[in-house]
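Below: one structure, written as structure tokens.
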Amino acid sequence: MNLYRLSVTLITGFFGAVLLLVPSGCGPKKGEDSEKDSLETPTAPPLISVNGELFSIPSPIQSSALLKKSGAKYSQELLNQTSNLPAYSNNFKKAVNLGIYGADLGYIIIYSQTQNSLGYLNAIKKLSDDIGVSGAFDEKLMKRFEKNMSNNDSLLSIFTSGYRSADGYLKNNDRNEVSGLVIAGGWIESMYFTCKVLKNDFADKNTVIRRVAEQKYTLDKVIKLLTPYYQNPELPEYTELADQLIELYHVFEELQAEYKYVPSTTDVASKTTTIRSLTDIRISPEQLNEITSQIDAIRNNLVK
Amino acid sequence: MIRNFSLALLFVLFSAFGAMAQCDTIVQSCEKHMTAKFISDGQSYRALLLDSETAEFQSTFYGDATYRISVCSSLPEGNILFKILDKERNVLFSNADQKNAPYWDFKFLNTLDCTIEAKLTPGMSKSGCAVMLISFKQ
């Protein structure tokens, strides 16, 4: 058992013990305080660790937007076809493909291929109904979507609000394991089409390659999202997926990253702070190939 | 004894249910800060805070993107303090410096791993559901 996997196992056991001892709120994850730079009063308040920290995973839509901005062409073949929908018969497959179809719909809208969007939205509605979050993609949302087919910004806003409702519902009902799968599915799909697109030539490939390398930070959080359910005998597919992602993380672990703090600047009038700190991360062609190959296998196993 | 235990259990269940319902209402009110220019990241981050507890959110923000972070609770606006810290725990932003602003925009020049800490403003409340929403501009 390698060190990362061992730590995941230990954390899982620790979380299990903590969950038995500490009452939970409405799906929160509160972190340990730090001795410095925390929001403490001078008396250093107590902090309760319920389930580690809460993790925020960037939206897959941002990856699609970057692909378009970088000059990559749209490719329908990259998407998980909605004809695969009947194959998703258990909750694991339904949840993870809810995330995958969400990433696909974001890609479709970003590239203004809205003639394909309704099929994906219907697939999303079917999966969300099946896993018990029918309120998130209700008739009202579906009609709003149809009425705004010519406005990409509105379409993005409408369908992401559906995902936020679903996420909130799942967290409120103590179904964080499903919420985590939806998020993981979205991340895997956006990584899949980002890596695939890099096989083609387009204007600003280096920016996209860099974005792949930057997933080192995000993958760590995706794994941590799944950690509380790792090695749960009732959720074997979780463990399998987590193991695959941990294998992938070993490739990312080798990427060299540097960070330099630079003070931020704030424009009070526009309520905007510019974060100027610098990061640099390097990835070799061999590492990129390995990541592409592993993402390919993980994603294709999930959509079949 | 059993009756007392049952009552205590019911109290806990109702309290938890009330807190969950409270979180939903707060999410709805927090959404008003997410104007049409911003797209939701599809998630809602919730924490039930007691006294001076701090909720900690681990986030990655992509470079060359503008984000809006909105924080809300059941109390009037400005009752949540939030800070953004880098991985060396340098403070990149604190809304305490901006009159406890309930939302703020952040332009990230580079991709960064950050920690967001949030807590109720001391003296304003003993407990409550804290909600954070993250959205981005294309």
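Quick note on naming: the chains in the structure tokens go A, B, ... in the order shown, residues restart at 1 in each chain, and ligands are numbered from 1 in order of appearance.
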
Open item on the list: Need the shell around range 183-199 of chain A: protein/DNA/RNA residues with any atom at most 7 Å away, counting only C-alpha atoms. Skip same-chain ones fewer than 6 positions apart. Format as a PyMOL selection string?
Closed with: chain A and resi 60+63+72+78+96-97+99-100+102-103+205+222+292+295-296+299

How about saving the chosen residues, N, CA and C atoms kept, as a PDB file, in the first residue's frame?
ATOM      1  N   PRO A  60     -16.431  22.811 -14.411  1.00  0.00           N
ATOM      2  CA  PRO A  60     -15.945  22.297 -15.711  1.00  0.00           C
ATOM      3  C   PRO A  60     -16.157  23.303 -16.837  1.00  0.00           C
ATOM      4  N   SER A  63     -13.100  25.158 -17.945  1.00  0.00           N
ATOM      5  CA  SER A  63     -12.176  24.462 -18.854  1.00  0.00           C
ATOM      6  C   SER A  63     -12.657  24.588 -20.294  1.00  0.00           C
ATOM      7  N   ALA A  72      -9.215  25.990 -29.729  1.00  0.00           N
ATOM      8  CA  ALA A  72      -9.527  24.574 -29.998  1.00  0.00           C
ATOM      9  C   ALA A  72     -10.907  24.473 -30.641  1.00  0.00           C
ATOM     10  N   LEU A  78     -16.197  14.014 -28.645  1.00  0.00           N
ATOM     11  CA  LEU A  78     -15.590  13.978 -27.311  1.00  0.00           C
ATOM     12  C   LEU A  78     -16.619  13.741 -26.216  1.00  0.00           C
ATOM     13  N   VAL A  96     -22.386   9.810 -11.155  1.00  0.00           N
ATOM     14  CA  VAL A  96     -21.146  10.228 -11.820  1.00  0.00           C
ATOM     15  C   VAL A  96     -21.444  10.724 -13.246  1.00  0.00           C
ATOM     16  N   ASN A  97     -22.419  10.094 -13.904  1.00  0.00           N
ATOM     17  CA  ASN A  97     -22.762  10.552 -15.255  1.00  0.00           C
ATOM     18  C   ASN A  97     -23.626  11.812 -15.246  1.00  0.00           C
ATOM     19  N   GLY A  99     -22.741  14.259 -13.404  1.00  0.00           N
ATOM     20  CA  GLY A  99     -21.631  15.215 -13.481  1.00  0.00           C
ATOM     21  C   GLY A  99     -21.039  15.276 -14.882  1.00  0.00           C
ATOM     22  N   ILE A 100     -20.900  14.114 -15.507  1.00  0.00           N
ATOM     23  CA  ILE A 100     -20.302  14.040 -16.856  1.00  0.00           C
ATOM     24  C   ILE A 100     -21.184  14.770 -17.877  1.00  0.00           C
ATOM     25  N   GLY A 102     -23.271  17.084 -17.271  1.00  0.00           N
ATOM     26  CA  GLY A 102     -23.249  18.515 -16.950  1.00  0.00           C
ATOM     27  C   GLY A 102     -22.048  19.200 -17.590  1.00  0.00           C
ATOM     28  N   ALA A 103     -20.885  18.538 -17.489  1.00  0.00           N
ATOM     29  CA  ALA A 103     -19.673  19.091 -18.125  1.00  0.00           C
ATOM     30  C   ALA A 103     -19.872  19.159 -19.640  1.00  0.00           C
ATOM     31  N   LYS A 205      -1.968  26.239 -27.470  1.00  0.00           N
ATOM     32  CA  LYS A 205      -1.925  24.940 -26.794  1.00  0.00           C
ATOM     33  C   LYS A 205      -1.235  25.024 -25.434  1.00  0.00           C
ATOM     34  N   VAL A 222     -10.519  16.564  -5.283  1.00  0.00           N
ATOM     35  CA  VAL A 222     -11.506  15.572  -5.742  1.00  0.00           C
ATOM     36  C   VAL A 222     -11.325  14.270  -4.945  1.00  0.00           C
ATOM     37  N   THR A 292      -3.057  11.767 -19.835  1.00  0.00           N
ATOM     38  CA  THR A 292      -4.088  11.577 -20.865  1.00  0.00           C
ATOM     39  C   THR A 292      -4.538  10.126 -20.915  1.00  0.00           C
ATOM     40  N   ILE A 295      -6.595   9.262 -17.682  1.00  0.00           N
ATOM     41  CA  ILE A 295      -7.922   9.915 -17.693  1.00  0.00           C
ATOM     42  C   ILE A 295      -8.836   9.216 -18.699  1.00  0.00           C
ATOM     43  N   ASP A 296      -8.252   8.858 -19.836  1.00  0.00           N
ATOM     44  CA  ASP A 296      -8.997   8.145 -20.871  1.00  0.00           C
ATOM     45  C   ASP A 296      -9.616   6.857 -20.306  1.00  0.00           C
ATOM     46  N   ARG A 299     -12.332   7.642 -17.473  1.00  0.00           N
ATOM     47  CA  ARG A 299     -13.582   8.196 -18.026  1.00  0.00           C
ATOM     48  C   ARG A 299     -14.339   7.135 -18.830  1.00  0.00           C
TER      49      ARG A 299
END

Open item on the list: Please check the contacts: residues of chain B at most 7 Å away from chain A, using only C-alpha atoms, listed as an MDAnalysis selection string.
Closed with: chainID B and resid 16 19:20 39:44 46:48 52:61 89 91:92 104:111 113

Can you spit out the residues from that selection as a compact mmCIF listing (two decimals), in the first residue's frame, using C-alpha atoms?
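Saved result, again_10.txt, follows:
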# COMPACT_ATOMS: atom_id res chain seq x y z
CA ALA B 16 -31.09 19.93 12.62
CA ALA B 19 -30.92 24.50 10.45
CA MET B 20 -31.13 22.73 7.06
CA ILE B 39 -21.98 31.91 -13.61
CA SER B 40 -22.39 29.63 -10.60
CA ASP B 41 -19.80 26.94 -9.98
CA GLY B 42 -22.80 24.63 -9.41
CA GLN B 43 -22.18 24.13 -5.71
CA SER B 44 -23.33 25.68 -2.45
CA ARG B 46 -22.79 25.49 3.97
CA ALA B 47 -21.58 25.39 7.55
CA LEU B 48 -23.52 25.52 10.78
CA SER B 52 -16.64 31.58 17.37
CA GLU B 53 -16.11 28.51 15.19
CA THR B 54 -14.46 29.03 11.84
CA ALA B 55 -15.45 27.21 8.67
CA GLU B 56 -12.59 26.42 6.31
CA PHE B 57 -13.05 26.04 2.57
CA GLN B 58 -10.28 24.78 0.30
CA SER B 59 -10.53 26.24 -3.19
CA THR B 60 -8.61 26.39 -6.42
CA PHE B 61 -9.03 29.55 -8.46
CA ARG B 89 -1.27 31.53 5.01
CA VAL B 91 -3.80 37.00 3.86
CA LEU B 92 -4.81 37.89 0.31
CA TRP B 104 -16.47 40.79 -3.30
CA ASP B 105 -14.90 40.20 -6.71
CA PHE B 106 -11.46 38.69 -7.20
CA LYS B 107 -9.35 38.84 -10.29
CA PHE B 108 -6.80 36.02 -10.21
CA LEU B 109 -3.81 36.64 -12.45
CA ASN B 110 -2.51 33.10 -11.82
CA THR B 111 -4.03 29.82 -10.72
CA ASP B 113 -4.75 27.16 -4.20

Would you mind writing down, as a PDB file with C-alpha atoms, in the first residue's frame, each residue of range 131-216 of chain A that DSSP on the backbone assigns to alpha helix (DSSP H)?
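As a result, out-v2.pdb now contains:
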ATOM      1  CA  GLU A 139     -40.494  21.833 -15.470  1.00  0.00           C
ATOM      2  CA  LYS A 140     -40.029  25.526 -14.717  1.00  0.00           C
ATOM      3  CA  LEU A 141     -36.268  25.279 -15.270  1.00  0.00           C
ATOM      4  CA  MET A 142     -36.723  23.201 -18.427  1.00  0.00           C
ATOM      5  CA  LYS A 143     -39.096  25.801 -19.899  1.00  0.00           C
ATOM      6  CA  ARG A 144     -36.783  28.671 -18.992  1.00  0.00           C
ATOM      7  CA  PHE A 145     -33.961  26.816 -20.739  1.00  0.00           C
ATOM      8  CA  GLU A 146     -36.012  26.305 -23.887  1.00  0.00           C
ATOM      9  CA  LYS A 147     -37.073  29.952 -23.956  1.00  0.00           C
ATOM     10  CA  ASN A 152     -25.714  31.338 -24.092  1.00  0.00           C
ATOM     11  CA  ASP A 153     -25.122  33.281 -20.889  1.00  0.00           C
ATOM     12  CA  SER A 154     -28.701  32.663 -19.797  1.00  0.00           C
ATOM     13  CA  LEU A 155     -28.432  28.969 -20.629  1.00  0.00           C
ATOM     14  CA  LEU A 156     -25.278  28.623 -18.539  1.00  0.00           C
ATOM     15  CA  SER A 157     -26.876  30.505 -15.679  1.00  0.00           C
ATOM     16  CA  ILE A 158     -30.061  28.405 -15.800  1.00  0.00           C
ATOM     17  CA  PHE A 159     -28.462  24.980 -15.895  1.00  0.00           C
ATOM     18  CA  THR A 160     -25.749  25.772 -13.323  1.00  0.00           C
ATOM     19  CA  SER A 161     -28.484  26.995 -10.967  1.00  0.00           C
ATOM     20  CA  GLY A 162     -30.043  23.533 -11.380  1.00  0.00           C
ATOM     21  CA  TYR A 163     -26.760  21.905 -10.380  1.00  0.00           C
ATOM     22  CA  ARG A 164     -26.449  24.209  -7.369  1.00  0.00           C
ATOM     23  CA  SER A 165     -29.986  23.267  -6.270  1.00  0.00           C
ATOM     24  CA  ALA A 166     -29.170  19.574  -6.652  1.00  0.00           C
ATOM     25  CA  ASP A 167     -25.918  20.017  -4.712  1.00  0.00           C
ATOM     26  CA  GLY A 168     -27.745  21.851  -1.911  1.00  0.00           C
ATOM     27  CA  TYR A 169     -30.480  19.234  -1.751  1.00  0.00           C
ATOM     28  CA  LEU A 170     -27.985  16.377  -1.561  1.00  0.00           C
ATOM     29  CA  LYS A 171     -25.955  18.085   1.165  1.00  0.00           C
ATOM     30  CA  ASN A 172     -29.079  18.934   3.180  1.00  0.00           C
ATOM     31  CA  ASN A 176     -22.613  14.036   0.382  1.00  0.00           C
ATOM     32  CA  GLU A 177     -21.352  10.853  -1.234  1.00  0.00           C
ATOM     33  CA  VAL A 178     -23.693  11.459  -4.203  1.00  0.00           C
ATOM     34  CA  SER A 179     -22.804  15.146  -4.356  1.00  0.00           C
ATOM     35  CA  GLY A 180     -19.100  14.200  -4.392  1.00  0.00           C
ATOM     36  CA  LEU A 181     -19.641  11.805  -7.280  1.00  0.00           C
ATOM     37  CA  VAL A 182     -21.449  14.408  -9.381  1.00  0.00           C
ATOM     38  CA  ILE A 183     -18.577  16.827  -8.845  1.00  0.00           C
ATOM     39  CA  ALA A 184     -15.959  14.138  -9.557  1.00  0.00           C
ATOM     40  CA  GLY A 185     -17.781  13.155 -12.773  1.00  0.00           C
ATOM     41  CA  GLY A 186     -17.755  16.755 -13.986  1.00  0.00           C
ATOM     42  CA  TRP A 187     -14.066  17.121 -13.264  1.00  0.00           C
ATOM     43  CA  ILE A 188     -13.140  13.838 -14.983  1.00  0.00           C
ATOM     44  CA  GLU A 189     -15.145  14.721 -18.103  1.00  0.00           C
ATOM     45  CA  SER A 190     -13.621  18.186 -18.430  1.00  0.00           C
ATOM     46  CA  MET A 191     -10.148  16.666 -18.009  1.00  0.00           C
ATOM     47  CA  TYR A 192     -11.034  14.056 -20.621  1.00  0.00           C
ATOM     48  CA  PHE A 193     -11.983  16.496 -23.343  1.00  0.00           C
ATOM     49  CA  THR A 194      -9.187  18.896 -22.429  1.00  0.00           C
ATOM     50  CA  CYS A 195      -6.562  16.155 -22.791  1.00  0.00           C
ATOM     51  CA  LYS A 196      -8.163  14.803 -25.975  1.00  0.00           C
ATOM     52  CA  VAL A 197      -8.241  18.220 -27.599  1.00  0.00           C
ATOM     53  CA  LYS A 205      -1.925  24.940 -26.794  1.00  0.00           C
ATOM     54  CA  ASN A 206       0.549  25.940 -24.105  1.00  0.00           C
ATOM     55  CA  THR A 207      -2.143  27.633 -22.036  1.00  0.00           C
ATOM     56  CA  VAL A 208      -4.262  24.494 -22.164  1.00  0.00           C
ATOM     57  CA  ILE A 209      -1.287  22.266 -21.282  1.00  0.00           C
ATOM     58  CA  ARG A 210      -0.628  24.498 -18.314  1.00  0.00           C
ATOM     59  CA  ARG A 211      -4.269  24.169 -17.248  1.00  0.00           C
ATOM     60  CA  VAL A 212      -3.895  20.383 -17.307  1.00  0.00           C
ATOM     61  CA  ALA A 213      -0.822  20.666 -15.071  1.00  0.00           C
ATOM     62  CA  GLU A 214      -2.731  22.944 -12.692  1.00  0.00           C
ATOM     63  CA  GLN A 215      -5.190  20.128 -12.076  1.00  0.00           C
ATOM     64  CA  LYS A 216      -2.623  18.867  -9.594  1.00  0.00           C
TER      65      LYS A 216
END

Task: Atom pair CA of Leu255 in chain A / CA of Ile283 in chain A: separation (Å) - done: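 Value for the CA of Leu255 in chain A-CA of Ile283 in chain A distance: 5.8 Å.
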